$ cat upload-v6.cif   # mmCIF, C-alpha atoms
data_final
#
loop_
_atom_site.group_PDB
_atom_site.id
_atom_site.type_symbol
_atom_site.label_atom_id
_atom_site.label_comp_id
_atom_site.auth_asym_id
_atom_site.auth_seq_id
_atom_site.Cartn_x
_atom_site.Cartn_y
_atom_site.Cartn_z
ATOM 1 C CA MET J 270 91.748 124.191 57.200
ATOM 2 C CA LEU J 271 93.041 122.443 54.090
ATOM 3 C CA LEU J 272 96.523 122.364 55.603
ATOM 4 C CA PHE J 273 95.142 120.789 58.773
ATOM 5 C CA VAL J 274 93.337 118.080 56.802
ATOM 6 C CA LEU J 275 96.481 117.427 54.775
ATOM 7 C CA CYS J 276 98.537 117.067 57.942
ATOM 8 C CA GLN J 277 95.984 114.668 59.368
ATOM 9 C CA CYS J 278 96.095 112.576 56.210
ATOM 10 C CA LEU J 279 99.862 112.465 56.226
ATOM 11 C CA LEU J 280 99.838 111.542 59.898
ATOM 12 C CA GLY J 281 97.348 108.784 59.187
ATOM 13 C CA VAL J 282 99.571 107.373 56.462
ATOM 14 C CA THR J 283 102.575 107.464 58.792
ATOM 15 C CA LEU J 284 100.733 105.637 61.576
ATOM 16 C CA ALA J 285 99.285 103.112 59.191
ATOM 17 C CA SER J 286 102.722 102.309 57.803
ATOM 18 C CA ALA J 287 104.008 101.245 61.220
ATOM 19 C CA ASP J 288 102.781 98.302 63.298
ATOM 20 C CA ASN J 289 101.388 99.420 66.672
ATOM 21 C CA GLU J 290 100.914 97.285 69.788
ATOM 22 C CA VAL J 291 99.602 98.123 73.247
ATOM 23 C CA ILE J 292 101.218 96.229 76.119
ATOM 24 C CA LEU J 293 99.126 96.166 79.283
ATOM 25 C CA THR J 294 101.339 95.216 82.187
ATOM 26 C CA LYS J 295 102.027 96.162 85.786
ATOM 27 C CA LEU J 296 104.729 98.018 87.617
ATOM 28 C CA ARG J 297 107.800 96.009 88.671
ATOM 29 C CA ALA J 298 107.084 93.453 85.926
ATOM 30 C CA LYS J 299 109.466 92.382 83.174
ATOM 31 C CA VAL J 300 108.459 93.670 79.731
ATOM 32 C CA GLU J 301 109.768 92.340 76.403
ATOM 33 C CA MET J 302 109.249 93.986 73.009
ATOM 34 C CA GLU J 303 110.361 92.192 69.868
ATOM 35 C CA CYS J 304 110.952 93.826 66.513
ATOM 36 C CA GLU J 305 111.842 92.264 63.154
ATOM 37 C CA GLY J 306 114.486 93.694 60.862
ATOM 38 C CA ASP J 307 118.195 94.246 60.380
ATOM 39 C CA ASP J 308 120.351 96.922 62.007
ATOM 40 C CA ILE J 309 117.493 98.213 64.140
ATOM 41 C CA PHE J 310 117.725 100.556 67.102
ATOM 42 C CA TRP J 311 115.269 101.675 69.763
ATOM 43 C CA ARG J 312 113.955 105.025 70.913
ATOM 44 C CA THR J 313 111.274 106.120 73.367
ATOM 45 C CA LYS J 314 108.967 108.987 74.251
ATOM 46 C CA SER J 315 106.760 109.651 77.246
ATOM 47 C CA ASN J 316 103.419 109.468 75.409
ATOM 48 C CA GLN J 317 101.848 109.174 71.982
ATOM 49 C CA SER J 318 101.326 112.919 71.596
ATOM 50 C CA ALA J 319 105.002 113.749 72.170
ATOM 51 C CA THR J 320 106.672 114.833 68.929
ATOM 52 C CA GLU J 321 110.272 113.766 69.494
ATOM 53 C CA PHE J 322 111.786 110.407 70.372
ATOM 54 C CA MET J 323 114.690 110.118 72.785
ATOM 55 C CA ASP J 324 117.454 107.585 73.172
ATOM 56 C CA LEU J 325 116.891 104.832 75.710
ATOM 57 C CA PRO J 326 118.106 105.571 79.238
ATOM 58 C CA ALA J 327 121.350 103.905 80.253
ATOM 59 C CA GLU J 328 119.795 101.859 83.060
ATOM 60 C CA GLY J 329 116.712 99.695 83.482
ATOM 61 C CA ASN J 330 116.722 98.099 80.036
ATOM 62 C CA THR J 331 118.720 95.744 77.851
ATOM 63 C CA VAL J 332 118.634 94.902 74.145
ATOM 64 C CA GLU J 333 119.170 91.293 73.105
ATOM 65 C CA ASP J 334 119.194 90.757 69.342
ATOM 66 C CA ASN J 335 116.035 92.592 68.250
ATOM 67 C CA THR J 336 114.274 92.415 71.621
ATOM 68 C CA LEU J 337 114.063 95.317 74.044
ATOM 69 C CA ILE J 338 113.728 94.170 77.664
ATOM 70 C CA LEU J 339 112.599 96.414 80.518
ATOM 71 C CA THR J 340 113.961 94.406 83.426
ATOM 72 C CA ARG J 341 111.714 95.864 86.158
ATOM 73 C CA LEU J 342 109.112 98.313 84.939
ATOM 74 C CA SER J 343 108.997 101.564 86.876
ATOM 75 C CA GLU J 344 106.504 104.378 86.603
ATOM 76 C CA ASP J 345 108.856 106.624 84.630
ATOM 77 C CA GLN J 346 109.314 103.847 82.040
ATOM 78 C CA LEU J 347 105.664 103.919 80.995
ATOM 79 C CA GLY J 348 105.286 105.357 77.510
ATOM 80 C CA VAL J 349 105.953 104.670 73.836
ATOM 81 C CA TYR J 350 108.825 102.587 72.470
ATOM 82 C CA SER J 351 109.638 102.288 68.768
ATOM 83 C CA CYS J 352 112.191 100.353 66.785
ATOM 84 C CA PHE J 353 113.766 102.032 63.751
ATOM 85 C CA ASP J 354 115.573 100.699 60.702
ATOM 86 C CA SER J 355 118.863 102.002 59.391
ATOM 87 C CA ASP J 356 117.013 104.681 57.363
ATOM 88 C CA ASP J 357 115.420 106.042 60.555
ATOM 89 C CA ASN J 358 111.968 104.720 59.653
ATOM 90 C CA ILE J 359 109.676 103.325 62.349
ATOM 91 C CA ILE J 360 109.211 99.563 62.009
ATOM 92 C CA LYS J 361 107.019 98.940 65.027
ATOM 93 C CA THR J 362 105.681 100.937 67.974
ATOM 94 C CA PHE J 363 104.809 99.648 71.435
ATOM 95 C CA LYS J 364 102.765 101.539 73.985
ATOM 96 C CA VAL J 365 103.558 100.288 77.491
ATOM 97 C CA GLU J 366 100.890 101.168 80.027
ATOM 98 C CA VAL J 367 99.083 99.944 83.113
ATOM 99 C CA ARG J 368 95.318 99.787 83.606
ATOM 100 C CA PHE J 369 95.645 101.721 86.850
ATOM 101 C CA LYS J 370 98.265 102.659 89.420
ATOM 102 C CA ILE J 371 98.115 102.137 93.161
ATOM 103 C CA LYS J 372 99.639 104.422 95.772
ATOM 104 C CA LYS J 373 102.229 102.940 98.064
ATOM 105 C CA MET J 374 101.174 102.612 101.706
ATOM 106 C CA PRO J 375 103.500 103.545 104.593
ATOM 107 C CA GLN J 376 105.804 100.769 105.717
ATOM 108 C CA SER J 377 104.072 100.651 109.106
ATOM 109 C CA VAL J 378 101.352 102.444 111.080
ATOM 110 C CA TYR J 379 100.803 102.649 114.830
ATOM 111 C CA VAL J 380 97.711 102.328 117.006
ATOM 112 C CA ASN J 381 97.365 102.428 120.782
ATOM 113 C CA LEU J 382 96.160 99.341 122.592
ATOM 114 C CA GLY J 383 92.386 99.605 123.006
ATOM 115 C CA GLY J 384 92.140 102.584 120.653
ATOM 116 C CA PRO J 385 91.005 103.008 117.029
ATOM 117 C CA THR J 386 93.147 103.559 113.968
ATOM 118 C CA LEU J 387 93.362 107.195 112.931
ATOM 119 C CA PRO J 388 91.372 108.472 109.923
ATOM 120 C CA ASP J 389 93.133 108.053 106.563
ATOM 121 C CA GLU J 390 95.788 105.845 108.174
ATOM 122 C CA ILE J 391 95.214 102.426 106.560
ATOM 123 C CA VAL J 392 94.176 103.630 103.113
ATOM 124 C CA CYS J 393 94.516 102.043 99.684
ATOM 125 C CA SER J 394 94.161 104.394 96.687
ATOM 126 C CA THR J 395 94.339 103.961 92.926
ATOM 127 C CA LEU J 396 95.189 106.490 90.237
ATOM 128 C CA GLY J 397 93.266 106.324 86.991
ATOM 129 C CA LYS J 398 89.708 106.188 85.734
ATOM 130 C CA HIS J 399 89.566 102.422 85.416
ATOM 131 C CA ASP J 400 86.863 100.888 87.632
ATOM 132 C CA VAL J 401 88.310 98.718 90.398
ATOM 133 C CA ILE J 402 87.225 96.786 93.473
ATOM 134 C CA PHE J 403 89.259 96.331 96.664
ATOM 135 C CA ARG J 404 89.878 93.291 98.833
ATOM 136 C CA TRP J 405 91.764 93.300 102.137
ATOM 137 C CA TYR J 406 93.941 90.498 103.494
ATOM 138 C CA THR J 407 96.294 89.816 106.400
ATOM 139 C CA ARG J 408 99.430 87.768 106.907
ATOM 140 C CA PRO J 409 101.605 87.307 110.007
ATOM 141 C CA GLU J 410 104.333 89.799 110.759
ATOM 142 C CA GLY J 411 107.696 88.614 109.473
ATOM 143 C CA SER J 412 106.198 86.274 106.870
ATOM 144 C CA GLU J 413 107.367 86.291 103.257
ATOM 145 C CA GLU J 414 105.570 88.464 100.725
ATOM 146 C CA ASP J 415 104.374 85.395 98.843
ATOM 147 C CA SER J 416 102.947 83.789 101.994
ATOM 148 C CA GLU J 417 99.342 82.682 102.100
ATOM 149 C CA LEU J 418 96.919 85.519 102.794
ATOM 150 C CA THR J 419 93.762 85.501 104.903
ATOM 151 C CA GLN J 420 90.999 87.611 103.393
ATOM 152 C CA LEU J 421 88.950 89.863 105.649
ATOM 153 C CA CYS J 422 85.354 88.783 105.105
ATOM 154 C CA GLY J 423 82.126 89.277 106.978
ATOM 155 C CA VAL J 424 81.842 93.073 106.883
ATOM 156 C CA GLU J 425 80.141 95.436 104.468
ATOM 157 C CA GLY J 426 82.312 96.301 101.491
ATOM 158 C CA ASP J 427 84.643 93.299 101.830
ATOM 159 C CA ASN J 428 84.011 92.177 98.186
ATOM 160 C CA CYS J 429 84.502 88.573 99.245
ATOM 161 C CA LYS J 430 83.477 85.943 96.733
ATOM 162 C CA SER J 431 81.667 84.047 99.492
ATOM 163 C CA SER J 432 80.584 85.220 102.941
ATOM 164 C CA ILE J 433 81.836 83.745 106.189
ATOM 165 C CA GLU J 434 79.440 81.208 107.640
ATOM 166 C CA PRO J 435 77.764 82.196 110.950
ATOM 167 C CA SER J 436 79.401 79.152 112.558
ATOM 168 C CA ASP J 437 82.819 80.726 112.124
ATOM 169 C CA PRO J 438 84.439 81.205 115.586
ATOM 170 C CA GLN J 439 85.010 84.873 114.799
ATOM 171 C CA LEU J 440 81.276 85.458 114.552
ATOM 172 C CA SER J 441 80.138 83.407 117.555
ATOM 173 C CA GLU J 442 77.275 85.086 119.382
ATOM 174 C CA ILE J 443 77.545 86.088 123.035
ATOM 175 C CA LYS J 444 74.840 84.814 125.321
ATOM 176 C CA GLU J 445 72.657 87.443 126.960
ATOM 177 C CA ASN J 446 73.659 86.667 130.539
ATOM 178 C CA GLU J 447 77.281 85.861 129.787
ATOM 179 C CA VAL J 448 79.825 88.173 131.386
ATOM 180 C CA VAL J 449 82.034 89.632 128.656
ATOM 181 C CA THR J 450 85.692 89.566 129.706
ATOM 182 C CA LYS J 451 87.288 89.650 126.267
ATOM 183 C CA PRO J 452 87.022 92.255 123.494
ATOM 184 C CA PRO J 453 84.691 91.481 120.574
ATOM 185 C CA PRO J 454 86.086 89.275 117.771
ATOM 186 C CA PHE J 455 88.343 91.009 115.274
ATOM 187 C CA ILE J 456 85.801 90.836 112.455
ATOM 188 C CA GLU J 457 83.338 92.796 114.603
ATOM 189 C CA ARG J 458 85.864 95.546 115.272
ATOM 190 C CA ILE J 459 86.724 96.413 111.659
ATOM 191 C CA SER J 460 84.985 98.325 108.879
ATOM 192 C CA ILE J 461 85.776 98.853 105.201
ATOM 193 C CA SER J 462 84.679 101.881 103.205
ATOM 194 C CA THR J 463 85.211 102.639 99.504
ATOM 195 C CA SER J 464 84.840 105.942 97.682
ATOM 196 C CA LYS J 465 85.484 107.345 94.217
ATOM 197 C CA GLY J 466 87.299 110.640 93.704
ATOM 198 C CA SER J 467 88.549 112.696 90.809
ATOM 199 C CA LEU J 468 91.886 110.841 90.714
ATOM 200 C CA GLY J 469 90.650 107.303 91.309
ATOM 201 C CA TYR J 470 89.214 104.995 93.940
ATOM 202 C CA THR J 471 90.008 104.782 97.660
ATOM 203 C CA SER J 472 89.384 102.050 100.221
ATOM 204 C CA GLU J 473 89.955 102.526 103.940
ATOM 205 C CA LEU J 474 90.265 99.860 106.617
ATOM 206 C CA LYS J 475 89.360 100.955 110.154
ATOM 207 C CA ILE J 476 90.031 98.983 113.329
ATOM 208 C CA ASP J 477 88.373 99.778 116.663
ATOM 209 C CA ASN J 478 89.539 98.663 120.116
ATOM 210 C CA ALA J 479 92.879 97.423 118.754
ATOM 211 C CA GLN J 480 94.382 94.407 120.518
ATOM 212 C CA MET J 481 97.905 93.017 120.565
ATOM 213 C CA GLU J 482 96.849 90.086 118.378
ATOM 214 C CA ASP J 483 95.780 92.592 115.676
ATOM 215 C CA ARG J 484 99.442 93.279 114.956
ATOM 216 C CA ALA J 485 99.988 91.915 111.435
ATOM 217 C CA VAL J 486 100.695 92.855 107.833
ATOM 218 C CA TYR J 487 97.572 94.206 106.130
ATOM 219 C CA VAL J 488 97.462 93.747 102.356
ATOM 220 C CA CYS J 489 95.224 95.666 99.967
ATOM 221 C CA ARG J 490 94.581 94.345 96.480
ATOM 222 C CA ALA J 491 92.883 96.392 93.782
ATOM 223 C CA PHE J 492 91.267 94.372 90.976
ATOM 224 C CA ALA J 493 90.042 95.657 87.634
ATOM 225 C CA LYS J 494 86.256 95.511 87.754
ATOM 226 C CA GLU J 495 86.051 93.098 84.833
ATOM 227 C CA SER J 496 88.315 90.615 86.651
ATOM 228 C CA GLU J 497 86.573 90.499 90.036
ATOM 229 C CA ASN J 498 85.174 87.003 89.332
ATOM 230 C CA ASP J 499 88.299 85.609 87.693
ATOM 231 C CA GLU J 500 89.112 82.533 89.781
ATOM 232 C CA ASP J 501 92.451 81.915 88.042
ATOM 233 C CA LEU J 502 93.809 85.446 88.382
ATOM 234 C CA ILE J 503 97.275 85.609 89.974
ATOM 235 C CA CYS J 504 97.840 89.093 91.311
ATOM 236 C CA ASP J 505 101.630 88.997 90.951
ATOM 237 C CA GLU J 506 101.324 88.252 87.232
ATOM 238 C CA SER J 507 98.128 89.934 86.059
ATOM 239 C CA PRO J 508 97.929 93.581 84.879
ATOM 240 C CA ASN J 509 94.387 93.574 86.301
ATOM 241 C CA CYS J 510 95.610 93.470 89.896
ATOM 242 C CA GLU J 511 97.863 95.660 92.023
ATOM 243 C CA GLU J 512 98.896 95.112 95.634
ATOM 244 C CA VAL J 513 100.258 97.200 98.519
ATOM 245 C CA SER J 514 100.743 96.415 102.203
ATOM 246 C CA THR J 515 101.554 97.933 105.581
ATOM 247 C CA LEU J 516 102.425 96.623 109.044
ATOM 248 C CA LEU J 517 100.087 97.548 111.888
ATOM 249 C CA ARG J 518 101.961 98.006 115.174
ATOM 250 C CA VAL J 519 99.914 97.991 118.387
ATOM 251 C CA LYS J 520 101.472 99.981 121.225
ATOM 252 C CA ASP J 521 100.654 99.845 124.926
ATOM 253 C CA PRO J 522 100.359 103.486 126.130
ATOM 254 C CA LEU J 523 101.766 102.418 129.519
ATOM 255 C CA ALA J 524 104.680 100.536 127.998
ATOM 256 C CA ALA J 525 107.065 103.446 128.570
ATOM 257 C CA ILE J 526 105.984 103.773 132.223
ATOM 258 C CA TRP J 527 106.876 100.235 133.274
ATOM 259 C CA PRO J 528 110.673 100.706 132.990
ATOM 260 C CA PHE J 529 110.381 103.915 135.038
ATOM 261 C CA ILE J 530 108.326 102.123 137.702
ATOM 262 C CA GLY J 531 110.969 99.379 137.777
ATOM 263 C CA ILE J 532 113.759 101.908 138.305
ATOM 264 C CA VAL J 533 111.798 103.637 141.083
ATOM 265 C CA ALA J 534 111.149 100.276 142.770
ATOM 266 C CA GLU J 535 114.861 99.450 142.658
ATOM 267 C CA VAL J 536 115.780 102.832 144.155
ATOM 268 C CA VAL J 537 113.196 102.450 146.932
ATOM 269 C CA SER J 538 114.429 98.919 147.705
ATOM 270 C CA LEU J 539 118.014 100.141 147.857
ATOM 271 C CA CYS J 540 117.036 102.997 150.164
ATOM 272 C CA LEU J 541 115.187 100.589 152.487
ATOM 273 C CA VAL J 542 118.194 98.265 152.624
ATOM 274 C CA ILE J 543 120.486 101.177 153.441
ATOM 275 C CA PHE J 544 118.043 102.490 156.063
ATOM 276 C CA PHE J 545 117.736 99.164 157.917
ATOM 277 C CA CYS J 546 121.471 98.507 157.683
ATOM 278 C CA GLU J 547 122.230 101.912 159.183
ATOM 279 C CA ARG J 548 119.594 101.422 161.861
ATOM 280 C CA ARG J 549 121.039 98.053 162.816
ATOM 281 C CA ARG J 550 124.565 99.436 162.857
ATOM 282 C CA LYS J 551 123.577 102.299 165.160
ATOM 283 C CA ALA J 552 121.729 99.910 167.478
ATOM 284 C CA GLU J 553 124.812 97.703 167.747
ATOM 285 C CA GLU J 554 127.022 100.733 168.426
ATOM 286 C CA ALA J 555 124.644 101.935 171.162
ATOM 287 C CA LYS J 556 124.678 98.499 172.780
ATOM 288 C CA GLU J 557 128.469 98.395 172.750
ATOM 289 C CA ASP J 558 128.627 101.854 174.336
ATOM 290 C CA MET J 559 126.232 100.763 177.089
ATOM 291 C CA GLU J 560 128.322 97.660 177.794
ATOM 292 C CA GLU J 561 131.505 99.736 178.015
ATOM 293 C CA ASP J 562 129.838 102.215 180.405
ATOM 294 C CA GLY J 563 128.616 99.368 182.657
ATOM 295 C CA TYR J 564 132.093 97.805 182.842
ATOM 296 C CA ALA J 565 133.649 101.104 183.830
ATOM 297 C CA GLY J 566 131.039 101.623 186.595
ATOM 298 C CA ASN J 567 131.756 98.219 188.124
ATOM 299 C CA ASN J 568 135.479 99.014 188.325
ATOM 300 C CA ILE J 569 134.818 102.252 190.236
ATOM 301 C CA SER J 570 132.534 100.484 192.732
ATOM 302 C CA SER J 571 135.201 97.834 193.403
ATOM 303 C CA ASN J 572 137.867 100.445 194.075
ATOM 304 C CA ASN J 573 135.644 102.291 196.578
ATOM 305 C CA SER J 574 134.948 99.052 198.483
ATOM 306 C CA LEU J 575 138.677 98.309 198.824
ATOM 307 C CA ARG J 576 139.372 101.760 200.225
ATOM 308 C CA GLN J 577 136.654 101.455 202.885
ATOM 309 C CA ARG J 578 138.081 98.101 204.122
ATOM 310 C CA LYS J 579 141.478 99.651 204.626
#
$ encode --input "upload-v6.cif" --output "C-alpha cells"
Amino acid sequence: MLLFVLCQCLLGVTLASADNEVILTKLRAKVEMECEGDDIFWRTKSNQSATEFMDLPAEGNTVEDNTLILTRLSEDQLGVYSCFDSDDNIIKTFKVEVRFKIKKMPQSVYVNLGGPTLPDEIVCSTLGKHDVIFRWYTRPEGSEEDSELTQLCGVEGDNCKSSIEPSDPQLSEIKENEVVTKPPPFIERISISTSKGSLGYTSELKIDNAQMEDRAVYVCRAFAKESENDEDLICDESPNCEEVSTLLRVKDPLAAIWPFIGIVAEVVSLCLVIFFCERRRKAEEAKEDMEEDGYAGNNISSNNSLRQRK
C-alpha cells in the first residue's frame, strides 16, 4: 500500500512538472501543437494510460521549428503527443481528441419509385457519450459540398430553430372535395426518429412514397448539445459539429422493362414489314403467272381457227 502511494506521489510530481493541454478538434481538421525549447523532438502514444511513447509516424504530420502539425487529422491520430528536450524530459503534453465521432454513411442508397426507404438505410450515428442533437438537410445532386443546404423542418424531431410557417407551399392543405392527382408534399412523407444506445446516439430519416424529385444529397449534422443554439457555429470549423451525407437514388421498377418492350416492338415491326412485303411479292408473282397463262391460251385458240378455215 505504501509503495502504491509512493508511486502515485511520484506520478503526480511527474505530471505536475510538465505542461498539459487538451485540444478539442474534429476529424479531417488541421492541428498545430507548439512547444518551447531548444533541440526538442516529438513522440506520441495512443492514450494517457499507455506507458511507452512511440516515434511519430512517417506520414500525416510535419514539424516546422518547434511546431508539430497534423495536416489532416484521422481517427488513428487521436491520442497524446509530447515534446521532449535533449535530456529526454517531457516539456509539454498535448491530448488531441474529439467530443464525439460520427459514422460514415454509404455513398448512395436506393429506393423504388413510390416505395419507402428501407429500415436503417438513411441513418446517422455518433460514437461517444457526449450528448448531441441531429439536424437533417438536403442539397441538389452534383452540387459542391460547401453549397447552401436546405434544412428539413416541419416534422417531429427536426430540431429546427424555428418551425415552418403553415403558409409554406409544402404544407398547403388539400380541400375536402379536391381530387388528389399528385403525391403529398415531401415534408408530409418524411419522418425523423432519434434514439440513444450504448455506443452513442442515432437518428434515422425515413421517406415514404418516394418520388423522382426526392433524389438529392441528404446531409446529417450532429451538434454537441451545448451548442444547439449557437447561431455563429460553422460546422466545418467547430469541434462541436460533425457532418456526413449520402445520395438518395430513386429507381423506377419498370425502368428495365422499357428497353425490352422497345426491342420487342422493333422485332414485331420488322416481322410485319417482312410479312407484307412477302405477301405483296407473291401476289405480283401470281398475277404475272395468270397473265402468262392467258396469253398462251389466246395463241392456241388462234391456231385452231386458222386450221378450220383451211
$ closest_atom_pairs --input "upload-v6.cif" --of "stretch 320-413 of chain J" --to "stretch 511-515 of chain J" --cutoff "7 Å" --atoms "only C-alpha atoms" --output "tab-separated table"
residue	atom	partner	partner_atom	distance
J:Ile371	CA	J:Glu511	CA	6.6
J:Lys373	CA	J:Val513	CA	6.1
J:Met374	CA	J:Thr515	CA	6.1
J:Pro375	CA	J:Thr515	CA	6.0
J:Gln376	CA	J:Thr515	CA	5.1
J:Ser377	CA	J:Thr515	CA	5.1
$ write_last_selection --input "upload-v6.cif" --atoms "C-alpha atoms" --output "short mmCIF file (atom, residue, chain, number, x, y, z; two decimals), in the frame of the given file"
data_model
loop_
_atom_site.label_atom_id
_atom_site.label_comp_id
_atom_site.auth_asym_id
_atom_site.auth_seq_id
_atom_site.Cartn_x
_atom_site.Cartn_y
_atom_site.Cartn_z
CA ILE J 371 98.12 102.14 93.16
CA LYS J 373 102.23 102.94 98.06
CA MET J 374 101.17 102.61 101.71
CA PRO J 375 103.50 103.54 104.59
CA GLN J 376 105.80 100.77 105.72
CA SER J 377 104.07 100.65 109.11
#
$ residues_around --input "upload-v6.cif" --residues "stretch 390-398 of chain J" --least-positions-apart "5" --cutoff "8 Å" --atoms "only C-alpha atoms" --output "ChimeraX atom specification"
/J:368-374,378,468-475,489,491,513,515
$ atom_distance --input "upload-v6.cif" --atom1 "atom CA of J:Asp356" --atom2 "atom CA of J:Glu333"
20.8 Å
$ atom_distance --input "upload-v6.cif" --atom1 "atom CA of J:Met302" --atom2 "atom CA of J:Cys504"
22.1 Å
$ closest_residue --input "upload-v6.cif" --among "J:Glu547, J:Ile459, J:Met481, J:Val401" --to "J:Val424" --atoms "only C-alpha atoms"
J:Ile459
$ resolve_selection --input "upload-v6.cif" --expression "the PyMOL selection byres ((chain J and resi 305-311) around 12)" --output "PyMOL selection string"
chain J and resi 288+302-304+312-314+322-326+330-338+349-363
$ residues_around --input "upload-v6.cif" --residues "J:Asn428" --least-positions-apart "2" --cutoff "10 Å" --atoms "only C-alpha atoms" --output "PyMOL selection string"
chain J and resi 402-405+420-426+430-432+461+497
$ resolve_selection --input "upload-v6.cif" --expression "the PyMOL selection byres ((chain J and resi 458) around 12)" --output "list in words"
Gly383, Gly384, Pro385, Thr386, Leu421, Gly423, Val424, Gln439, Leu440, Pro452, Pro453, Pro454, Phe455, Ile456, Glu457, Ile459, Ser460, Ile461, Leu474, Lys475, Ile476, Asp477, Asn478, Ala479, Gln480 and Asp483 of chain J
$ atom_distance --input "upload-v6.cif" --atom1 "atom CA of J:Ala298" --atom2 "atom CA of J:Pro508"
9.2 Å
$ closest_residue --input "upload-v6.cif" --among "J:Ser315, J:Ser416, J:Thr407, J:Asn498" --to "J:Leu517" --atoms "only C-alpha atoms"
J:Thr407
$ closest_residue --input "upload-v6.cif" --among "J:Ala485, J:Leu382, J:Cys429, J:Val365" --to "J:Leu339" --atoms "all atoms listed in the file"
J:Val365
$ residues_near_point --input "upload-v6.cif" --point "(100.8, 100.6, 74.8)" --cutoff "10 Å" --atoms "only C-alpha atoms" --output "ChimeraX atom specification"
/J:289-294,316-317,347-350,362-367
$ residues_around --input "upload-v6.cif" --residues "J:Thr340" --least-positions-apart "6" --cutoff "7 Å" --atoms "all atoms listed in the file" --output "number ranges by chain"
J: 299-300, 329-330
$ closest_residue --input "upload-v6.cif" --among "J:Glu554, J:Asp345, J:Glu321, J:Asp400" --to "J:Phe492" --atoms "only C-alpha atoms"
J:Asp400
$ decode --input "upload-v6.cif" --residues "stretch 526-537 of chain J" --atoms "C-alpha atoms" --output "mmCIF file, in the first residue's frame"
data_model
loop_
_atom_site.group_PDB
_atom_site.id
_atom_site.type_symbol
_atom_site.label_atom_id
_atom_site.label_comp_id
_atom_site.auth_asym_id
_atom_site.auth_seq_id
_atom_site.Cartn_x
_atom_site.Cartn_y
_atom_site.Cartn_z
ATOM 1 C CA ILE J 526 -38.667 -3.277 -68.863
ATOM 2 C CA TRP J 527 -38.928 -0.324 -71.235
ATOM 3 C CA PRO J 528 -35.806 -1.211 -73.282
ATOM 4 C CA PHE J 529 -37.094 -4.790 -73.608
ATOM 5 C CA ILE J 530 -40.507 -3.543 -74.760
ATOM 6 C CA GLY J 531 -38.743 -1.314 -77.298
ATOM 7 C CA ILE J 532 -36.754 -4.246 -78.678
ATOM 8 C CA VAL J 533 -39.899 -6.392 -78.918
ATOM 9 C CA ALA J 534 -41.731 -3.573 -80.724
ATOM 10 C CA GLU J 535 -38.883 -3.262 -83.227
ATOM 11 C CA VAL J 536 -38.879 -7.018 -83.869
ATOM 12 C CA VAL J 537 -42.661 -7.072 -84.347
#
